[in-house]
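With compact mmCIF, C-alpha atoms inside, this is data.txt:
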# COMPACT_ATOMS: atom_id res chain seq x y z
CA MET A 1 -44.10 -113.17 -105.90
CA SER A 2 -40.48 -112.69 -104.85
CA ALA A 3 -39.06 -114.52 -101.88
CA GLU A 4 -36.17 -112.27 -100.88
CA THR A 5 -35.26 -112.15 -97.21
CA ILE A 6 -35.10 -108.72 -95.57
CA LEU A 7 -33.55 -108.11 -92.15
CA LEU A 8 -35.23 -105.22 -90.27
CA VAL A 9 -33.18 -103.84 -87.38
CA ASP A 10 -34.90 -101.28 -85.12
CA ASP A 11 -35.56 -100.92 -81.39
CA GLU A 12 -39.16 -99.74 -81.91
CA PRO A 13 -41.48 -102.80 -81.81
CA ALA A 14 -44.37 -100.88 -83.37
CA PHE A 15 -42.28 -99.88 -86.38
CA LEU A 16 -40.96 -103.42 -86.77
CA ARG A 17 -44.51 -104.81 -86.87
CA LEU A 18 -45.76 -102.22 -89.35
CA ALA A 19 -42.76 -102.32 -91.66
CA ALA A 20 -42.71 -106.13 -91.62
CA ALA A 21 -46.40 -106.18 -92.56
CA TRP A 22 -45.84 -103.72 -95.42
CA LEU A 23 -42.98 -105.74 -96.85
CA GLU A 24 -44.57 -109.16 -96.34
CA ARG A 25 -47.53 -107.98 -98.39
CA GLN A 26 -45.05 -107.48 -101.22
CA GLY A 27 -44.06 -111.15 -100.94
CA HIS A 28 -40.84 -110.73 -99.01
CA ARG A 29 -39.70 -112.83 -96.06
CA VAL A 30 -38.94 -110.52 -93.13
CA VAL A 31 -36.62 -111.20 -90.17
CA THR A 32 -36.47 -108.66 -87.35
CA ALA A 33 -33.91 -107.68 -84.68
CA ILE A 34 -34.10 -105.09 -81.91
CA ASP A 35 -30.38 -104.41 -81.34
CA GLY A 36 -26.94 -104.92 -82.84
CA ALA A 37 -26.24 -108.28 -81.20
CA ALA A 38 -29.53 -109.76 -82.37
CA ALA A 39 -28.91 -108.29 -85.82
CA HIS A 40 -25.52 -110.02 -86.08
CA GLU A 41 -27.06 -113.36 -85.12
CA ALA A 42 -29.99 -112.95 -87.52
CA PHE A 43 -27.65 -111.90 -90.35
CA THR A 44 -25.48 -114.98 -89.83
CA HIS A 45 -28.39 -117.43 -89.82
CA ALA A 46 -30.83 -115.84 -92.30
CA ARG A 47 -28.26 -114.56 -94.84
CA PRO A 48 -30.67 -111.80 -95.93
CA ASP A 49 -30.79 -110.21 -99.36
CA LEU A 50 -31.22 -106.76 -97.81
CA VAL A 51 -30.71 -105.10 -94.41
CA VAL A 52 -32.83 -102.14 -93.24
CA LEU A 53 -30.92 -100.72 -90.27
CA ASP A 54 -31.73 -98.02 -87.71
CA LEU A 55 -28.49 -96.23 -86.84
CA VAL A 56 -29.41 -95.32 -83.24
CA MET A 57 -30.19 -98.38 -81.13
CA PRO A 58 -29.48 -99.86 -77.70
CA PRO A 59 -27.34 -100.36 -75.82
CA GLU A 60 -25.05 -97.53 -76.99
CA ARG A 61 -27.73 -95.40 -78.73
CA THR A 62 -25.00 -93.49 -80.52
CA PRO A 63 -24.73 -92.86 -84.27
CA GLU A 64 -21.13 -94.10 -84.23
CA ALA A 65 -22.25 -97.53 -82.99
CA GLY A 66 -24.81 -97.70 -85.79
CA LEU A 67 -22.23 -96.70 -88.38
CA ALA A 68 -19.93 -99.45 -87.13
CA LEU A 69 -22.62 -102.02 -87.99
CA VAL A 70 -22.82 -101.05 -91.67
CA PRO A 71 -19.57 -102.75 -92.80
CA ALA A 72 -20.50 -105.90 -90.88
CA PHE A 73 -23.45 -106.38 -93.25
CA ALA A 74 -21.47 -105.60 -96.41
CA ALA A 75 -22.44 -108.93 -98.01
CA ALA A 76 -25.94 -107.47 -98.59
CA PRO A 77 -27.20 -104.00 -99.55
CA VAL A 78 -27.88 -101.88 -96.44
CA VAL A 79 -30.58 -99.19 -96.21
CA VAL A 80 -30.13 -97.04 -93.09
CA LEU A 81 -32.87 -95.26 -91.13
CA THR A 82 -32.18 -91.82 -89.66
CA ALA A 83 -34.08 -88.99 -88.06
CA HIS A 84 -35.04 -86.02 -90.25
CA ALA A 85 -32.23 -83.90 -88.82
CA ASP A 86 -29.56 -86.54 -89.40
CA HIS A 87 -28.83 -85.87 -93.07
CA GLU A 88 -25.10 -85.63 -92.37
CA LEU A 89 -25.21 -88.96 -90.52
CA ALA A 90 -26.99 -90.57 -93.47
CA LEU A 91 -24.25 -89.39 -95.81
CA LYS A 92 -21.62 -90.85 -93.47
CA ALA A 93 -23.48 -94.16 -93.56
CA VAL A 94 -23.48 -94.15 -97.36
CA ALA A 95 -19.76 -93.41 -97.29
CA ALA A 96 -19.34 -96.41 -94.96
CA GLY A 97 -21.01 -98.65 -97.53
CA ALA A 98 -24.77 -98.24 -97.11
CA TRP A 99 -26.81 -98.43 -100.33
CA ASP A 100 -29.39 -95.77 -99.45
CA PHE A 101 -31.06 -94.03 -96.50
CA LEU A 102 -34.57 -93.18 -95.33
CA ALA A 103 -35.66 -90.51 -92.88
CA LYS A 104 -38.07 -91.36 -90.07
CA PRO A 105 -41.00 -91.46 -89.92
CA VAL A 106 -40.94 -93.76 -92.93
CA GLU A 107 -43.78 -93.71 -95.43
CA PRO A 108 -44.85 -97.17 -96.68
CA ASP A 109 -44.68 -96.29 -100.37
CA LEU A 110 -41.22 -94.81 -100.04
CA LEU A 111 -40.00 -97.82 -98.06
CA ARG A 112 -41.33 -100.19 -100.73
CA PHE A 113 -39.71 -98.10 -103.48
CA VAL A 114 -36.29 -97.97 -101.83
CA VAL A 115 -36.44 -101.68 -100.96
CA ALA A 116 -37.37 -102.55 -104.54
CA ARG A 117 -34.40 -100.55 -105.88
CA ALA A 118 -31.99 -102.16 -103.42
CA LEU A 119 -33.24 -105.66 -104.23
CA ALA A 120 -32.97 -104.93 -107.94
CA LYS A 121 -29.33 -104.01 -107.33
CA ARG A 122 -28.89 -107.24 -105.42
CA LYS A 123 -30.42 -109.21 -108.30
CA LEU A 124 -28.08 -107.58 -110.81
CA GLU A 125 -25.09 -108.36 -108.57
CA ARG A 126 -26.14 -111.99 -108.38
CA GLU A 127 -26.66 -112.22 -112.12
CA LEU A 128 -23.21 -110.77 -112.64
CA ALA A 129 -21.80 -113.21 -110.10
CA GLN A 130 -23.57 -116.04 -111.91
CA LEU A 131 -22.04 -114.95 -115.20
CA ARG A 132 -18.68 -114.97 -113.50
CA ALA A 133 -19.47 -118.35 -111.96
CA ASN A 134 -20.35 -119.73 -115.38
CA THR A 135 -16.88 -118.75 -116.50
CA GLY A 136 -15.41 -119.71 -113.12
CA ASP A 137 -14.76 -123.10 -114.65
CA GLU A 138 -12.23 -121.29 -116.85
CA CYS A 139 -10.19 -120.57 -113.72
CA ILE A 140 -9.17 -124.20 -113.96
CA PHE A 141 -8.25 -124.65 -117.62
CA GLY A 142 -7.92 -128.02 -119.27
CA SER A 143 -9.76 -131.19 -120.22
CA SER A 144 -7.37 -133.93 -119.11
CA PRO A 145 -8.80 -136.62 -116.81
CA ALA A 146 -6.87 -135.18 -113.82
CA ILE A 147 -8.28 -131.69 -114.40
CA LEU A 148 -11.81 -132.93 -115.06
CA ARG A 149 -11.71 -134.74 -111.71
CA LEU A 150 -10.51 -131.55 -110.02
CA LYS A 151 -13.27 -129.47 -111.67
CA GLU A 152 -15.88 -131.95 -110.50
CA MET A 153 -14.57 -131.80 -106.94
CA VAL A 154 -14.65 -127.99 -107.02
CA ARG A 155 -18.25 -128.08 -108.30
CA ARG A 156 -19.28 -130.36 -105.43
CA VAL A 157 -17.26 -128.65 -102.71
CA ALA A 158 -17.96 -124.98 -103.56
CA PRO A 159 -21.53 -124.81 -102.15
CA ALA A 160 -20.48 -126.35 -98.82
CA ASP A 161 -19.37 -123.63 -96.40
CA LEU A 162 -16.44 -125.71 -95.17
CA PRO A 163 -12.73 -124.89 -94.96
CA VAL A 164 -10.67 -126.28 -97.83
CA VAL A 165 -6.97 -127.08 -98.13
CA VAL A 166 -5.52 -127.09 -101.66
CA LEU A 167 -2.33 -129.15 -101.88
CA GLY A 168 -0.02 -129.47 -104.86
CA PRO A 169 3.39 -128.60 -106.29
CA SER A 170 4.37 -124.98 -106.87
CA GLY A 171 3.09 -123.53 -110.11
CA THR A 172 0.03 -125.77 -110.44
CA GLY A 173 -2.61 -123.07 -109.93
CA LYS A 174 -3.68 -123.51 -106.33
CA GLU A 175 -4.89 -119.90 -106.12
CA LEU A 176 -6.93 -120.43 -109.30
CA VAL A 177 -8.66 -123.35 -107.57
CA ALA A 178 -9.40 -121.08 -104.60
CA GLN A 179 -10.83 -118.46 -106.97
CA ALA A 180 -12.99 -121.09 -108.66
CA LEU A 181 -14.29 -122.25 -105.26
CA HIS A 182 -15.20 -118.65 -104.42
CA ALA A 183 -16.72 -117.88 -107.85
CA THR A 184 -19.07 -120.87 -107.69
CA SER A 185 -20.01 -120.59 -104.01
CA PRO A 186 -22.87 -118.74 -102.29
CA ARG A 187 -20.24 -116.20 -101.19
CA ARG A 188 -19.35 -115.18 -104.76
CA ALA A 189 -20.88 -111.68 -104.31
CA GLY A 190 -18.50 -111.10 -101.39
CA PRO A 191 -14.79 -110.32 -101.53
CA PHE A 192 -12.00 -112.76 -102.36
CA ILE A 193 -8.98 -111.78 -100.25
CA ALA A 194 -5.63 -113.53 -100.74
CA VAL A 195 -2.63 -113.34 -98.42
CA HIS A 196 0.72 -115.05 -98.99
CA CYS A 197 1.75 -116.23 -95.53
CA GLY A 198 5.36 -116.81 -96.54
CA ALA A 199 5.86 -113.42 -98.17
CA ILE A 200 5.02 -111.32 -95.09
CA PRO A 201 7.55 -110.99 -92.24
CA ALA A 202 6.49 -112.94 -89.17
CA GLU A 203 6.30 -109.82 -87.01
CA LEU A 204 3.88 -108.14 -89.46
CA LEU A 205 1.65 -111.09 -90.31
CA GLU A 206 -0.68 -110.65 -87.31
CA SER A 207 -1.25 -106.99 -88.16
CA GLU A 208 -1.78 -107.86 -91.82
CA LEU A 209 -4.42 -110.47 -90.97
CA PHE A 210 -6.17 -108.93 -87.99
CA GLY A 211 -5.39 -105.21 -88.33
CA HIS A 212 -4.07 -102.88 -85.64
CA LEU A 213 -5.01 -99.85 -83.58
CA LYS A 214 -3.28 -96.50 -83.71
CA GLY A 215 -0.21 -96.43 -81.48
CA SER A 216 -0.08 -100.21 -80.98
CA PHE A 217 3.49 -100.30 -82.31
CA THR A 218 6.05 -97.98 -83.88
CA GLY A 219 4.72 -96.76 -87.21
CA ALA A 220 1.04 -97.48 -86.41
CA HIS A 221 -0.10 -93.92 -87.07
CA GLN A 222 -3.78 -94.83 -87.52
CA ASP A 223 -6.22 -97.70 -87.09
CA ARG A 224 -5.97 -100.21 -89.91
CA GLN A 225 -8.41 -102.93 -90.91
CA GLY A 226 -6.88 -106.38 -91.45
CA LEU A 227 -7.47 -108.79 -94.30
CA VAL A 228 -9.73 -111.02 -92.18
CA ALA A 229 -12.15 -108.12 -91.67
CA ALA A 230 -11.85 -107.15 -95.35
CA ALA A 231 -12.96 -110.68 -96.31
CA ARG A 232 -16.26 -110.51 -94.37
CA GLY A 233 -18.99 -112.28 -96.28
CA GLY A 234 -16.48 -113.75 -98.71
CA THR A 235 -13.44 -115.99 -98.93
CA LEU A 236 -10.05 -115.61 -97.21
CA PHE A 237 -7.31 -117.42 -99.12
CA LEU A 238 -4.20 -118.26 -97.07
CA ASP A 239 -1.51 -119.11 -99.60
CA GLU A 240 1.49 -121.12 -98.40
CA VAL A 241 -0.06 -121.57 -94.98
CA GLY A 242 2.72 -124.06 -94.18
CA GLU A 243 5.10 -121.09 -93.88
CA MET A 244 3.08 -119.51 -91.04
CA PRO A 245 5.18 -119.11 -87.86
CA PRO A 246 4.09 -121.07 -84.75
CA ALA A 247 2.95 -118.02 -82.76
CA MET A 248 0.67 -116.95 -85.59
CA GLN A 249 -0.69 -120.47 -85.94
CA VAL A 250 -2.07 -120.18 -82.39
CA LYS A 251 -3.90 -116.93 -83.18
CA LEU A 252 -5.29 -118.27 -86.45
CA LEU A 253 -6.53 -121.37 -84.61
CA ARG A 254 -8.40 -119.19 -82.11
CA PHE A 255 -10.08 -117.30 -84.93
CA LEU A 256 -11.12 -120.53 -86.64
CA GLN A 257 -12.45 -122.03 -83.39
CA GLU A 258 -14.27 -119.01 -81.99
CA GLY A 259 -14.87 -116.86 -85.04
CA THR A 260 -13.40 -113.85 -83.20
CA PHE A 261 -10.15 -111.94 -83.34
CA SER A 262 -8.60 -108.84 -81.83
CA PRO A 263 -6.56 -106.27 -83.75
CA VAL A 264 -2.99 -105.72 -82.57
CA GLY A 265 -3.23 -103.36 -79.60
CA GLY A 266 -6.95 -104.03 -79.11
CA ARG A 267 -8.83 -105.96 -76.45
CA GLU A 268 -12.36 -105.85 -77.84
CA PRO A 269 -12.99 -109.03 -79.87
CA GLN A 270 -14.36 -108.65 -83.40
CA THR A 271 -16.14 -111.15 -85.61
CA ALA A 272 -15.79 -111.94 -89.29
CA ASP A 273 -17.90 -114.43 -91.24
CA VAL A 274 -15.42 -115.77 -93.80
CA ARG A 275 -14.72 -119.05 -95.55
CA VAL A 276 -11.07 -120.02 -95.22
CA VAL A 277 -9.32 -121.69 -98.14
CA SER A 278 -5.64 -122.44 -97.57
CA ALA A 279 -2.94 -123.81 -99.82
CA THR A 280 0.61 -125.07 -99.61
CA HIS A 281 3.12 -127.05 -101.63
CA ARG A 282 4.47 -128.59 -98.42
CA ASP A 283 3.41 -131.87 -96.82
CA LEU A 284 1.37 -130.59 -93.87
CA GLU A 285 0.87 -134.06 -92.38
CA ALA A 286 4.63 -134.59 -92.28
CA MET A 287 5.05 -131.14 -90.75
CA VAL A 288 2.54 -132.08 -88.04
CA VAL A 289 4.51 -135.25 -87.24
CA GLU A 290 7.77 -133.26 -87.14
CA GLY A 291 6.23 -130.54 -84.95
CA GLY A 292 6.46 -127.77 -87.55
CA PHE A 293 2.70 -127.31 -87.85
CA ARG A 294 0.04 -127.53 -85.15
CA GLU A 295 -2.06 -130.66 -85.37
CA ASP A 296 -5.22 -128.93 -84.11
CA LEU A 297 -4.84 -126.16 -86.71
CA PHE A 298 -4.26 -128.72 -89.44
CA TYR A 299 -7.55 -130.45 -88.67
CA ARG A 300 -9.35 -127.11 -88.48
CA LEU A 301 -8.12 -126.15 -91.93
CA LYS A 302 -8.57 -129.48 -93.70
CA GLY A 303 -12.35 -129.70 -93.81
CA ILE A 304 -11.90 -130.86 -97.42
CA VAL A 305 -8.62 -131.51 -99.24
CA LEU A 306 -8.18 -130.83 -102.98
CA ARG A 307 -5.02 -131.66 -104.89
CA THR A 308 -3.75 -129.86 -107.98
CA PRO A 309 -1.95 -132.17 -110.43
CA ALA A 310 1.56 -131.51 -111.69
CA LEU A 311 1.78 -130.65 -115.38
CA ALA A 312 3.39 -134.04 -116.00
CA GLU A 313 0.12 -135.63 -114.87
CA ARG A 314 -1.90 -133.71 -117.47
CA ARG A 315 0.21 -133.69 -120.62
CA GLU A 316 -2.92 -133.52 -122.80
CA ASP A 317 -3.39 -129.96 -121.52
CA ILE A 318 0.09 -128.67 -122.38
CA ALA A 319 -0.62 -127.74 -126.01
CA PRO A 320 -3.97 -126.01 -125.29
CA LEU A 321 -2.40 -124.17 -122.35
CA ALA A 322 0.52 -123.05 -124.50
CA ALA A 323 -1.86 -121.80 -127.21
CA ARG A 324 -3.86 -119.90 -124.61
CA PHE A 325 -0.76 -118.28 -123.10
CA LEU A 326 0.45 -117.32 -126.58
CA ALA A 327 -2.89 -115.62 -127.29
CA GLU A 328 -2.44 -113.63 -124.06
CA ALA A 329 1.14 -112.68 -124.88
CA ALA A 330 0.69 -111.96 -128.59
CA LYS A 331 -2.40 -109.78 -128.24
CA SER A 332 -2.96 -108.44 -131.76
CA ARG A 333 0.24 -109.80 -133.32
CA GLY A 334 -1.40 -112.98 -134.59
CA LEU A 335 1.34 -115.36 -133.43
CA ARG A 336 0.90 -119.12 -133.62
CA PHE A 337 2.74 -122.33 -132.83
CA ALA A 338 3.97 -124.75 -135.44
CA PRO A 339 2.56 -128.22 -134.61
CA GLU A 340 6.12 -129.47 -134.05
CA ALA A 341 6.67 -126.75 -131.45
CA LEU A 342 3.53 -127.79 -129.56
CA ALA A 343 4.63 -131.42 -129.73
CA TRP A 344 8.06 -130.35 -128.40
CA LEU A 345 6.44 -128.49 -125.51
CA ALA A 346 4.25 -131.48 -124.71
CA GLY A 347 7.30 -133.73 -124.51
CA GLN A 348 9.31 -131.61 -122.08
CA HIS A 349 9.73 -131.90 -118.34
CA TRP A 350 8.12 -128.97 -116.52
CA PRO A 351 9.43 -128.90 -112.94
CA GLY A 352 7.90 -125.42 -112.55
CA ASN A 353 4.58 -126.73 -113.90
CA VAL A 354 2.05 -124.34 -115.46
CA ARG A 355 3.87 -121.26 -114.16
CA GLU A 356 7.06 -122.33 -115.98
CA LEU A 357 5.18 -123.14 -119.19
CA LYS A 358 3.53 -119.72 -119.17
CA ALA A 359 6.87 -117.98 -118.65
CA VAL A 360 8.44 -119.89 -121.55
CA VAL A 361 5.56 -119.08 -123.91
CA HIS A 362 5.54 -115.38 -122.99
CA SER A 363 9.32 -115.24 -123.44
CA ALA A 364 9.11 -116.96 -126.84
CA ALA A 365 6.49 -114.45 -127.97
CA ALA A 366 8.65 -111.54 -126.84
CA LEU A 367 11.81 -112.91 -128.52
CA LEU A 368 10.20 -113.84 -131.87
CA ASP A 369 11.41 -111.79 -134.82
CA PRO A 370 8.64 -109.23 -135.47
CA ASP A 371 9.44 -109.33 -139.20
CA GLY A 372 9.22 -113.10 -139.43
CA SER A 373 6.37 -115.44 -140.27
CA GLY A 374 4.73 -115.15 -136.83
CA THR A 375 5.08 -118.91 -136.31
CA ILE A 376 6.95 -120.25 -133.27
CA THR A 377 9.04 -123.31 -134.15
CA PRO A 378 11.02 -125.66 -131.90
CA ALA A 379 14.13 -123.60 -132.70
CA ASP A 380 12.44 -120.55 -131.20
CA LEU A 381 12.05 -122.45 -127.93
CA ALA A 382 15.66 -123.58 -127.62
CA PHE A 383 16.34 -120.89 -124.99
CA ALA A 384 14.05 -122.76 -122.60
CA ARG A 385 16.52 -125.62 -122.16
CA SER A 386 20.18 -124.84 -121.49
CA GLY A 387 22.98 -127.29 -122.27
CA ASP A 388 22.20 -130.62 -123.88
CA PRO A 389 18.58 -131.22 -124.75
CA MET A 390 16.69 -132.97 -122.00
CA PRO A 391 15.86 -136.55 -122.95
CA PRO A 392 12.21 -137.12 -123.71
CA GLU A 393 10.18 -138.42 -120.83
CA PRO A 394 9.48 -142.15 -121.15
CA MET A 395 6.02 -142.99 -122.34
CA ALA A 396 3.70 -144.58 -119.85
CA ALA A 397 2.67 -147.10 -122.51
CA THR A 398 3.59 -150.72 -121.89
CA ASN A 399 2.71 -152.08 -125.36
CA LEU A 400 2.60 -150.97 -128.98
CA ALA A 401 -1.13 -150.16 -129.01
CA ASP A 402 -0.78 -147.86 -126.00
CA ALA A 403 2.28 -146.19 -127.55
CA VAL A 404 0.37 -145.53 -130.79
CA SER A 405 -2.58 -144.11 -128.85
CA ASP A 406 -0.26 -141.85 -126.90
CA LEU A 407 1.33 -140.52 -130.12
CA GLU A 408 -2.10 -140.00 -131.71
CA ARG A 409 -3.28 -138.10 -128.66
CA ARG A 410 -0.27 -135.78 -128.73
CA LEU A 411 -0.51 -135.06 -132.47
CA ILE A 412 -4.27 -134.40 -132.31
CA THR A 413 -3.89 -132.17 -129.26
CA ALA A 414 -1.16 -130.17 -130.99
CA ALA A 415 -3.21 -129.79 -134.18
CA LEU A 416 -6.27 -128.64 -132.27
CA ALA A 417 -4.28 -126.10 -130.29
CA ALA A 418 -2.62 -124.79 -133.45
CA THR A 419 -6.00 -124.28 -135.15
CA GLY A 420 -7.91 -122.87 -132.20
CA ASN A 421 -9.90 -126.12 -131.79
CA ASN A 422 -11.19 -125.90 -135.36
CA HIS A 423 -11.94 -129.55 -136.19
CA SER A 424 -11.98 -129.05 -139.96
CA ALA A 425 -8.64 -127.23 -140.00
CA ALA A 426 -7.10 -129.74 -137.57
CA SER A 427 -8.25 -132.67 -139.73
CA ARG A 428 -6.63 -131.08 -142.80
CA ARG A 429 -3.36 -130.65 -140.89
CA LEU A 430 -3.44 -134.29 -139.86
CA GLY A 431 -4.49 -135.58 -143.30
CA VAL A 432 -7.68 -137.26 -142.09
CA SER A 433 -11.37 -136.54 -142.58
CA ARG A 434 -13.27 -134.43 -140.05
CA VAL A 435 -15.48 -137.42 -139.19
CA GLY A 436 -12.39 -139.58 -138.81
CA LEU A 437 -10.85 -136.99 -136.47
CA LEU A 438 -13.97 -136.86 -134.30
CA LYS A 439 -14.02 -140.66 -134.06
CA MET A 440 -10.35 -140.70 -133.05
CA MET A 441 -10.99 -138.00 -130.43
CA SER A 442 -13.90 -139.98 -129.01
CA ARG A 443 -11.81 -143.16 -128.89
CA LEU A 444 -8.95 -141.36 -127.15
CA GLY A 445 -11.20 -139.54 -124.68
CA LEU A 446 -10.33 -136.08 -126.04
CA ARG A 447 -12.83 -133.21 -125.85
This structure in structure tokens:
Amino acid sequence: MSAETILLVDDEPAFLRLAAAWLERQGHRVVTAIDGAAAHEAFTHARPDLVVLDLVMPPERTPEAGLALVPAFAAAPVVVLTAHADHELALKAVAAGAWDFLAKPVEPDLLRFVVARALAKRKLERELAQLRANTGDECIFGSSPAILRLKEMVRRVAPADLPVVVLGPSGTGKELVAQALHATSPRRAGPFIAVHCGAIPAELLESELFGHLKGSFTGAHQDRQGLVAAARGGTLFLDEVGEMPPAMQVKLLRFLQEGTFSPVGGREPQTADVRVVSATHRDLEAMVVEGGFREDLFYRLKGIVLRTPALAERREDIAPLAARFLAEAAKSRGLRFAPEALAWLAGQHWPGNVRELKAVVHSAAALLDPDGSGTITPADLAFARSGDPMPPEPMAATNLADAVSDLERRLITAALAATGNNHSAASRRLGVSRVGLLKMMSRLGLR
């Protein structure tokens, strides 16, 4: 027997009792509501797999009010109920996002059939989301200790419906961490909406986040939904939240505290059930001390703090990352790195972190002679460093054994990246046996 939760919304108690009984006999859990307000509350707490919604209910008893409810339940399939003569209304509801519609009076067999189809759709969506979640780990690429710790934190944090702040230098993949949090969370079937707070002019940021009504300012020729509303049932990612102007910080704080917001030019508060993930390369705590960021907003945002490591903290990942970026850039050209080129990349400073490494690899692929061997050598990467070559970064090793281990790790990582992680081919490149390579990898903590 299935255990899906269905939310029935109708102002007729007799229909609620009958329909609930029909569906419960099919093994479903049924939650009921008699008006829009009760439906919102039930939807928030029960998180149903399906909503069956009557479009004409108190207090308004207007089709428009019922249609307005459909997008609010977008995180689940919605089946709307209409009168026989309301075929046009039913089509409007489908256009607004409803999955299907039923005409009243509803026949039990037809209700069960439509519900089964809608739940089957829901199941397929979840299976697809699970497939994406299984590859969500790929959002955060790498196997260095720093990245493995970050992946483990994401795995533990994602199911908790708490706000998250992702801190780290520019170019370290903070948005990818936010995407991984979304892809492995219960909200993964909902939207992931990203907004760069520093890229939008201060006077437009409120409209971008909360929307606006027609005529609320010059150029507002029609009502426009904001990104907060678009993220209902999913994740809202606020990139570079440290760039948000003070006046906007106040309005964001109100939304986080009360769960309500008003579009520009509007007075009627709206609600949006979203998980907020924010990110910045700036030191928010220092900004709070200096008065550049509201302390109360900071504590609202920082339910959990994750930190993305700089590329210098995960040098073991440089060669595999470079090989991956080259595969993206080369497409069908079959380009590859010479082991010395990968070792050269691994030894460089990367102040722009992963973003800079990706740009260099894509540029090298574009500049490589198409009639050549298809192998990128250190000479092909010379454009990446102007002037005198940058001195190699000092090794962290403090004794000979550590220095040897560090060199072994770099050479093995480069060989694996150059051979697509083929252990046999990598062992031949290194002049060791495959078993010997695996033992060395185990000793060095390489995967």
Original post:
Looking at A:Thr308, A:Thr375, A:Gln348, A:Thr62, which one is nearest to Ala330 (chain A), with distances taken over only C-alpha atoms?
Top reply: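 Selected residue with least distance to Ala330 (chain A): A:Thr375.
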Can you report as lines of an AutoDock Vina configuration file the centre and edge lengths in Å, to one decimal, of an axis-aligned box around the listed atoms of region 328-333 of chain A padded with 8 Å on each side?
center_x = -0.9
center_y = -111.0
center_z = -128.7
size_x = 20.1
size_y = 21.2
size_z = 25.3
**OP:** Have a look at CA of Ala158 (chain A) and CA of Pro186 (chain A) and let me know their distance in Å, one decimal.
**Re:** 8.0 Å
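The space separating CA of Glu206 (chain A) from CA of Ser262 (chain A) comes to 9.8 Å.
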**OP:** For Ala75 (chain A), list every protein, DNA or RNA residue within 12 Å, evaluated using all atoms listed in the file, and leave out those in the same chain fewer than 5 positions away; present the list as a ChimeraX atom specification.
**Re:** /A:43-44,47-51,70,97-99,122,125-126,186-192,230-235,272-274
**OP:** Identify which of the residues A:Asp109, A:Glu88, A:Glu12, A:Glu243 lies closest to Ala199 (chain A), counting only C-alpha atoms when measuring atom-to-atom distances.
**Re:**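 Under the stated criterion, the closest residue is A:Glu243.
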Subject >> From A:Arg61, A:Lys104, A:His45, A:Lys151, residue lying nearest Arg307 (chain A) [only C-alpha atoms] >> reply: A:Lys151
Subject >> Top pick for closest residue to Phe141 (chain A), considering A:Phe298, A:Phe325, A:Phe15, A:Trp350 and counting only C-alpha atoms >> reply: A:Phe325
Subject >> Minimum-distance residue to Ala90 (chain A), chosen among A:Ser427, A:Leu55, A:Gln26, A:Glu285 (using all atoms listed in the file) >> reply: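 Using all atoms listed in the file, Ala90 (chain A) sits closest to A:Leu55.
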**OP:** Determine, counting only C-alpha atoms, which protein, DNA and RNA residues have an atom within 8 Å of an atom of Ala365 (chain A); residues of the same chain fewer than 2 positions away are not included. Present the result as JSON, numbers by chain.
**Re:** {"A": [326, 329, 330, 335, 361, 362, 363, 367, 368, 376]}
Original post:
So how far away is CA of Ala319 (chain A) from CA of Leu342 (chain A), in Å?
Top reply: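 Answer for the CA of Leu342 (chain A) to CA of Ala319 (chain A) separation: 5.5 Å.
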Subject >> Residues near Gly168 (chain A), cut-off 12 Å, only C-alpha atoms, skip fewer than 5 positions along chain, as a VMD selection string >> reply: chain A and resid 150 173 to 175 177 239 to 240 278 to 284 305 to 311 313 352 to 354
Original post:
Could you name the residues that touch Val80 (chain A) at 6 Å or less, counting only C-alpha atoms, but leaving out those on the same chain fewer than 5 positions away, as a PyMOL selection string?
Top reply: chain A and resi 52-54+101
Rebuild region 114-121 of chain A to N, CA and C atoms - output it as a JSON list (two decimals), in the coordinates of the input, please.
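The new file rebuild.json reads:
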[["chain", "number", "residue", "atom", "x", "y", "z"],
["A", 114, "VAL", "N", -37.72, -97.85, -102.11],
["A", 114, "VAL", "CA", -36.29, -97.97, -101.83],
["A", 114, "VAL", "C", -35.88, -99.44, -101.73],
["A", 115, "VAL", "N", -36.72, -100.25, -101.08],
["A", 115, "VAL", "CA", -36.44, -101.68, -100.96],
["A", 115, "VAL", "C", -36.39, -102.34, -102.34],
["A", 116, "ALA", "N", -37.34, -101.97, -103.20],
["A", 116, "ALA", "CA", -37.37, -102.55, -104.54],
["A", 116, "ALA", "C", -36.10, -102.21, -105.31],
["A", 117, "ARG", "N", -35.63, -100.96, -105.19],
["A", 117, "ARG", "CA", -34.40, -100.55, -105.88],
["A", 117, "ARG", "C", -33.19, -101.33, -105.34],
["A", 118, "ALA", "N", -33.13, -101.45, -104.03],
["A", 118, "ALA", "CA", -31.99, -102.16, -103.42],
["A", 118, "ALA", "C", -31.98, -103.63, -103.83],
["A", 119, "LEU", "N", -33.17, -104.25, -103.85],
["A", 119, "LEU", "CA", -33.24, -105.66, -104.23],
["A", 119, "LEU", "C", -32.94, -105.85, -105.72],
["A", 120, "ALA", "N", -33.31, -104.85, -106.52],
["A", 120, "ALA", "CA", -32.97, -104.93, -107.94],
["A", 120, "ALA", "C", -31.45, -104.89, -108.11],
["A", 121, "LYS", "N", -30.80, -104.05, -107.31],
["A", 121, "LYS", "CA", -29.33, -104.01, -107.33],
["A", 121, "LYS", "C", -28.76, -105.37, -106.93]]
